[in-house]
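First the structure, in the form of structure tokens, and then the observations on it.
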Amino acid sequence: MISEKTLPYWLLAPSLVFLIALFAYPFADAFIIAFQADGQWTFENFRTMADDINFGLSFWNTLILVLIVVPLQLAIALTMAMMLTKIRAGRDLVLYVWTIPLGISDLAAGVVWLALLSERGYINTALSALGLLDGPTLWLSYETPVALFVAVIFAEVWRATAIVMVILVAGVQLIPKEYNEAAEIFGASAWQRFIKITLPLLKPSLQTALILRTLLAFEVFAVVVALGGRDLPVLMGEAFLWQFDYRDSGVASAYAVLILLISIAFTLVYLRVLRVKEEPQ
Amino acid sequence: MTDATQEDLQDKRNLLDRLLPRWSVGQWLFATICLILCLWVLLPIYLLVLSAFSPRDAVFAWPKAYLPFDISTDTIAFFFGVRGVFSAFLNSVMVAALTMVISIGLGAPAGYALARFRFRGKDSFRLLIVMTRAFPIAILALPLTVTFIKLGLYDTVFGVALVHSALALPFAVLISSSLFMGIPFELEEAAWTMGCTRFQAFWRVVMPIATPGLAAAAIFAFVISWNEVFAATILTLQHPTLTAFLLTTLSESPLYFRFAGGFFLVVPALVFIFAVRKYLFSMWGIANR
Amino acid sequence: MKTMLKTGLSAAAVSTLLFAGYPASAETIFLSTQARPIEEAEAMRNTVLGAFDGEVDYIPQEDGPFLNRILAEAEAGDVSIGLVGALHGNFPVLAGADALAPVDDIMSSLGDRKLIGTFVELGKLGTDKQHYVPWMQASYVMAANREALQYLPEGADVMALTYDQLAAWSANIQAATGERKLGFPAGRKGLMHRFFQGYLYPSFTDSVVTEYRGEKASAMWASFRDLWKTVNPRSTSYDFMQEPLLAGEVWVAFDHTARLMDAFNQRPDDFIAFPAPAGPEGRGFMPVVAGLAVPANGPDRAAAAKLIDYMTQPETQIATLKAIGFFPAIEMELPDDLPRGVQIAGAAVTAQSASADANPSLLPVGLGDKGREFNKVFMDTFQLIVLRNADIDETLDRQAGNLRKLMEETGAPCWAPDEPSDGACPVK
């Protein structure tokens, strides 16, 4: 029964069964709901979704947010990871500080940035002390969509860069030192070494980090609501509104299916662009 | 006169030299960026804590004080007096502890399989497990609640822990697979040649090495569970977790309560991350190789 | 493998312990969408329910999870909630899913209490059965910081404002302070939709459905869009106006009395309350009614009945008023020793309904579970016309189509201030 050949499947089975019971089965349910109205198979829910006044806005807001936040986080996380290889004294302390946001929920992050960015918040206090502002100024409103957008980007980068960094740090550690040393002997500059050696060898970690981060970024919601209320519609927020405020599970599920499809598309792109060849064991 | 000034300057330079490390411009730049990134993380947290410990009026004050001159524990103290906070705290701990056990118990074997075997469907499995995170759980609210009521899991610590485990499982699998990959296969093989069964070799050789990393992965699951609010809100009634208990506080109560609630959520995070800081790297090793 | 199994089993064993750990509770679970803010919830538990002879677990919850939970319990056929309390608008959703047990028998056992007739009628949700017992009421009024009063336009009486005067007042404040200090609860959880349904539309068109579009409606939206230029732009994230009032961000605000109460209670000398403004068709206003209902197949109907009886007693109604700022749903004399905030708000509510040009509206009836989509029509129109500057007539035409579809689907007849109709309320 349990042979060397089947063993891996036996080891995977428990988690697979668990995920199917808790996710796949209700998924299927939601999928069906999205394509049904009054018991008939239809695209009606998707039509309602696309006709809604907030659909276009929320779609583009989400997409642009992901396209800005994820690369930004990648850049910062890479910087941090590279810096950590250089730090001699106090490395543990720096690492601890940089990983703190790993434990902070999006709900809490929203509250934190609200304290900073509100009309009479700390950032305005600092700006006006520097003479850049005359008094309390409003950033988080529908009249200042760019400022609101930037605020959300700040909060998201603050909250979720740590996970990318931790994955990359682990990846950097696995790169054999010999490669870099050899390159150094041949006179490669630090930048050349980074581009030619570190980055290619970091591909697997980059792939993991990007996929995870992008999937979660498409579900951005709590931070946006905390900072912008309904002024910055995002896909996940609309799904919530349809599910709980307008009480139409069909349209809410349609949004969920859309989010899933976009996530799959992005994942496929990452898998293709950052392809990793299977190493023989 | 001029001599004296020169000497004076010389003295000052020496003093500076003694006080500051002899760094090159590049090193200074490096240290500055490092410091900025640290402040970037810490400053917002400091200001939240400051807000939580300010008197209520200070929340609306302008300009804001950056230093803790005016401390008040009123708002925080009110929280401790609210009925249900303590039991919600206990529930949160129990849910998170169970989530740790379930997600590692199920995820570690899968991680081991991904690390040690080459088999058909390996890549699809890895992808599938990550993709489960792409579907918003909020949409499953009603069917999930109905199922849980029917199964008697509704409003129980175990029920919430099940959903949290499903959320933490993908991470547990990825982390543990990279852990096991970091442990040389040769060690196991050596144990086999010495007469150990596959299982004995795993238990006696691999596990001791992997335990700290698995513990870190478990704490990570703990954090995921601690922070999760949505499932915890819809699946509980009389026995909410702390986050579910704080949800309305965080979104609807006056600003000063929101800051205090935020404080309650952030502080455990600081402690958890501190506890596992050493193992954070080993958690995410060769995940995709 | 075996150990893995063992780990799994022991985890299961631990968890069995965990959920067996809770004793089966004999207490009544009272789930409510009201008194959610942490201090109000504490006041409900300690003061209002403190004197009840029996065990009650008062659990406040946001509307979404609240409905989700009751519907899920009903669908699963395993109900643990003994009593639900919510605003009128939530009950049609529950009744539509057969999640409520009619309370006619409990109503008749409350014989000696004079429940307010219109509310009892609303509690039938357009059917011949009583779905909820009126619990408490409130209304929407305006509140102002006393500092704002100096900028009132000449000849304006704050107790009898018109919308034009409100606009002039707000513009004066902006001119004098450089800040926009008029505020509306247009946030995600704010009750702004009721402002359009019960205040603005009736005041300008003497209608809410029939005259949804047309000259009067177009003129109304145009003037409201002008007014909005002096409104604090944070308004779209305000849920409860008491907070920006206390913070000084806003000086003049419209909201539900209970959502202004904190401001009146904390600084009674700084704030005043006054009736909503009047338009060409009078002073439109609308009540807020909260009701108590019993879930179908609930655990202990007798306990629920006892709790309803307790909650509607005059003493409890007064305690509720003091604790969370909702007024009694029964006809009774109010005592003199009320908190200042309640006195302030109460005076404004009375002045509003007693004003010479009063034009009362009812809450929507007969929309069933489409009530929320009805609200969405108004809020979408607001977003398009006012926030996104869309063409007024085009927007109204498009939204009138949505509204008509909704009315025809539900077949809901008109309610005040629209003239009664046979069949679905028509949209012109």
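Ligands are numbered from 1 in the order shown, residues from 1 within each chain, and chains are lettered A, B, ... in the order they appear in the structure tokens.
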
>> Taking only C-alpha atoms into account, find every residue of chain B that has an atom no more than 6 Å from chain C, and write it out as a VMD selection string.
In response: chain B and resid 60 145 to 146 150 156 158 234 253

Write out, as a PDB file, in the first residue's frame, the residues just selected, with C-alpha atoms.
```pdb
ATOM      1  CA  PHE B  60      -8.388  65.783  18.363  1.00  0.00           C
ATOM      2  CA  THR B 145     -21.706  29.477   8.317  1.00  0.00           C
ATOM      3  CA  VAL B 146     -24.567  27.139   7.412  1.00  0.00           C
ATOM      4  CA  LYS B 150     -24.975  21.872  10.800  1.00  0.00           C
ATOM      5  CA  THR B 156     -16.552  26.910  18.804  1.00  0.00           C
ATOM      6  CA  PHE B 158     -12.232  24.446  17.001  1.00  0.00           C
ATOM      7  CA  ILE B 234     -18.994  35.387  11.144  1.00  0.00           C
ATOM      8  CA  SER B 253     -16.045  53.642  18.000  1.00  0.00           C
TER       9      SER B 253
END
```

> Given a cut-off of 7 Å, which residues of chain C touch chain A, counting only C-alpha atoms, written out as a ChimeraX atom specification?
Replying inline: /C:64,187-188,233-234,236-237,372-373

Can you write just those residues out, C-alpha atoms, as a PDB file, in the first residue's frame?
```pdb
ATOM      1  CA  GLY C  64     -23.661  42.353   7.504  1.00  0.00           C
ATOM      2  CA  GLY C 187     -19.581  57.204   4.899  1.00  0.00           C
ATOM      3  CA  ARG C 188     -19.837  53.514   4.278  1.00  0.00           C
ATOM      4  CA  PRO C 233     -15.154  66.683   1.940  1.00  0.00           C
ATOM      5  CA  ARG C 234     -14.424  64.211   4.752  1.00  0.00           C
ATOM      6  CA  THR C 236     -17.856  60.640   2.552  1.00  0.00           C
ATOM      7  CA  SER C 237     -16.067  58.867   5.364  1.00  0.00           C
ATOM      8  CA  ARG C 372     -30.861  47.851   0.297  1.00  0.00           C
ATOM      9  CA  GLU C 373     -30.883  48.114  -3.460  1.00  0.00           C
TER      10      GLU C 373
END
```

>> For the structure I just gave you, how does DSSP split stretch 50-115 of chain C - specifically, which residues are alpha helix (DSSP H)? Reply as number ranges by chain.
In response: C: 63-76, 91-96, 104-108

Any chance you could tabulate, as a tab-separated table, the residues of chain A at most 6 Å from chain B with each one's nearest atom pair and distance in Å to one decimal, using only C-alpha atoms, in chain and rising number order?
```
residue	atom	partner	partner_atom	distance
A:Pro8	CA	B:Ala113	CA	4.9
A:Leu11	CA	B:Pro109	CA	5.1
A:Leu12	CA	B:Ala110	CA	4.5
A:Pro14	CA	B:Leu106	CA	6.0
A:Ser15	CA	B:Leu106	CA	5.3
A:Tyr96	CA	B:Arg277	CA	5.9
A:Gly103	CA	B:Ala269	CA	4.5
A:Ile104	CA	B:Val266	CA	5.9
A:Ser105	CA	B:Asn227	CA	5.2
A:Ala108	CA	B:Gly262	CA	5.1
A:Val112	CA	B:Leu48	CA	5.7
A:Arg120	CA	B:Trp62	CA	5.8
A:Thr125	CA	B:Pro63	CA	5.4
A:Ile167	CA	B:Trp284	CA	5.3
A:Ala170	CA	B:Phe281	CA	4.6
A:Gly171	CA	B:Gly285	CA	5.9
A:Pro204	CA	B:Asn288	CA	5.1
A:Leu215	CA	B:Ala134	CA	5.4
A:Leu260	CA	B:Ala134	CA	5.6
```

Given the selection you just returned, output its residues as a file containing C-alpha atoms, formatted as a CSV table (one decimal), in the first residue's frame.
```
chain,number,residue,atom,x,y,z
A,8,PRO,CA,4.6,11.3,-1.3
A,11,LEU,CA,2.0,12.7,2.8
A,12,LEU,CA,0.1,15.2,0.7
A,14,PRO,CA,-4.2,15.2,4.6
A,15,SER,CA,-3.6,18.7,3.6
A,96,TYR,CA,13.9,42.2,14.0
A,103,GLY,CA,2.8,40.5,12.6
A,104,ILE,CA,0.6,43.4,12.0
A,105,SER,CA,-2.9,42.9,10.5
A,108,ALA,CA,-4.3,47.5,12.6
A,112,VAL,CA,-2.0,53.2,12.5
A,120,ARG,CA,-5.0,66.8,12.6
A,125,THR,CA,1.8,68.4,12.3
A,167,ILE,CA,11.5,35.3,1.7
A,170,ALA,CA,16.3,33.4,3.1
A,171,GLY,CA,16.9,33.1,-0.7
A,204,PRO,CA,13.0,30.9,-7.1
A,215,LEU,CA,-2.4,37.3,-4.7
A,260,LEU,CA,-9.6,34.8,-8.9
```

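Coordinates place atom CA of A:Ile175 at a distance of 8.9 Å from atom CA of A:Ile197.
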
> Of the candidates B:Leu29, B:Ala210, B:Arg22, B:Thr75, which shows the shortest atom-to-atom distance to B:Ala58, using only C-alpha atoms?
Replying inline: B:Thr75

>> List the spatial neighbours of stretch 320-324 of chain C as a PyMOL selection string - criterion: any atom at most 12 Å away, only C-alpha atoms, same-chain residues fewer than 5 positions off excluded.
In response: chain C and resi 34-50+135-138+256-262+265+310-315+329+334-343+345-346

Just the residues within 7 Å of C:Thr205, please, counting only C-alpha atoms, with nothing from its chain fewer than 3 positions along; format it as a PDB file with N, CA and C atoms, in the first residue's frame.
```pdb
ATOM      1  N   TYR C 201     -35.801  64.772  -0.829  1.00  0.00           N
ATOM      2  CA  TYR C 201     -36.853  64.551  -1.832  1.00  0.00           C
ATOM      3  C   TYR C 201     -38.223  65.036  -1.372  1.00  0.00           C
ATOM      4  N   PRO C 202     -38.690  64.647  -0.177  1.00  0.00           N
ATOM      5  CA  PRO C 202     -40.007  65.156   0.250  1.00  0.00           C
ATOM      6  C   PRO C 202     -40.032  66.684   0.325  1.00  0.00           C
ATOM      7  N   GLU C 211     -41.880  61.087  -8.156  1.00  0.00           N
ATOM      8  CA  GLU C 211     -41.223  62.256  -8.746  1.00  0.00           C
ATOM      9  C   GLU C 211     -39.714  62.108  -8.710  1.00  0.00           C
ATOM     10  N   LYS C 216     -38.582  69.247 -10.844  1.00  0.00           N
ATOM     11  CA  LYS C 216     -38.331  69.527  -9.426  1.00  0.00           C
ATOM     12  C   LYS C 216     -37.102  68.785  -8.933  1.00  0.00           C
ATOM     13  N   ALA C 217     -37.011  67.510  -9.328  1.00  0.00           N
ATOM     14  CA  ALA C 217     -35.873  66.705  -8.877  1.00  0.00           C
ATOM     15  C   ALA C 217     -34.568  67.253  -9.440  1.00  0.00           C
ATOM     16  N   GLU C 281     -41.610  72.262  -0.719  1.00  0.00           N
ATOM     17  CA  GLU C 281     -42.762  71.413  -0.414  1.00  0.00           C
ATOM     18  C   GLU C 281     -42.874  71.105   1.071  1.00  0.00           C
TER      19      GLU C 281
END
```

>> Using only C-alpha atoms, which protein or nucleic acid residues come within 7 Å of C:Tyr163? Drop anything in the same chain fewer than 2 positions from it, and give the result as a PyMOL selection string.
In response: chain C and resi 161+165-167+277-279

> If you count only C-alpha atoms, which residues fall within 10 Å of C:Phe382, apart from same-chain ones fewer than 4 positions away, as a ChimeraX atom specification?
Replying inline: /C:186,192-193,196,221,224-225,376-378,386-390,395

> Separation of atom CA of A:Tyr270 and atom CA of A:Leu206, in Å?
Replying inline: 9.3 Å

>> as a PyMOL selection string, please: the residues near C:Pro102 (cut-off 7 Å, only C-alpha atoms, same-chain neighbours under 2 positions excluded).
In response: chain C and resi 100+104+129-131
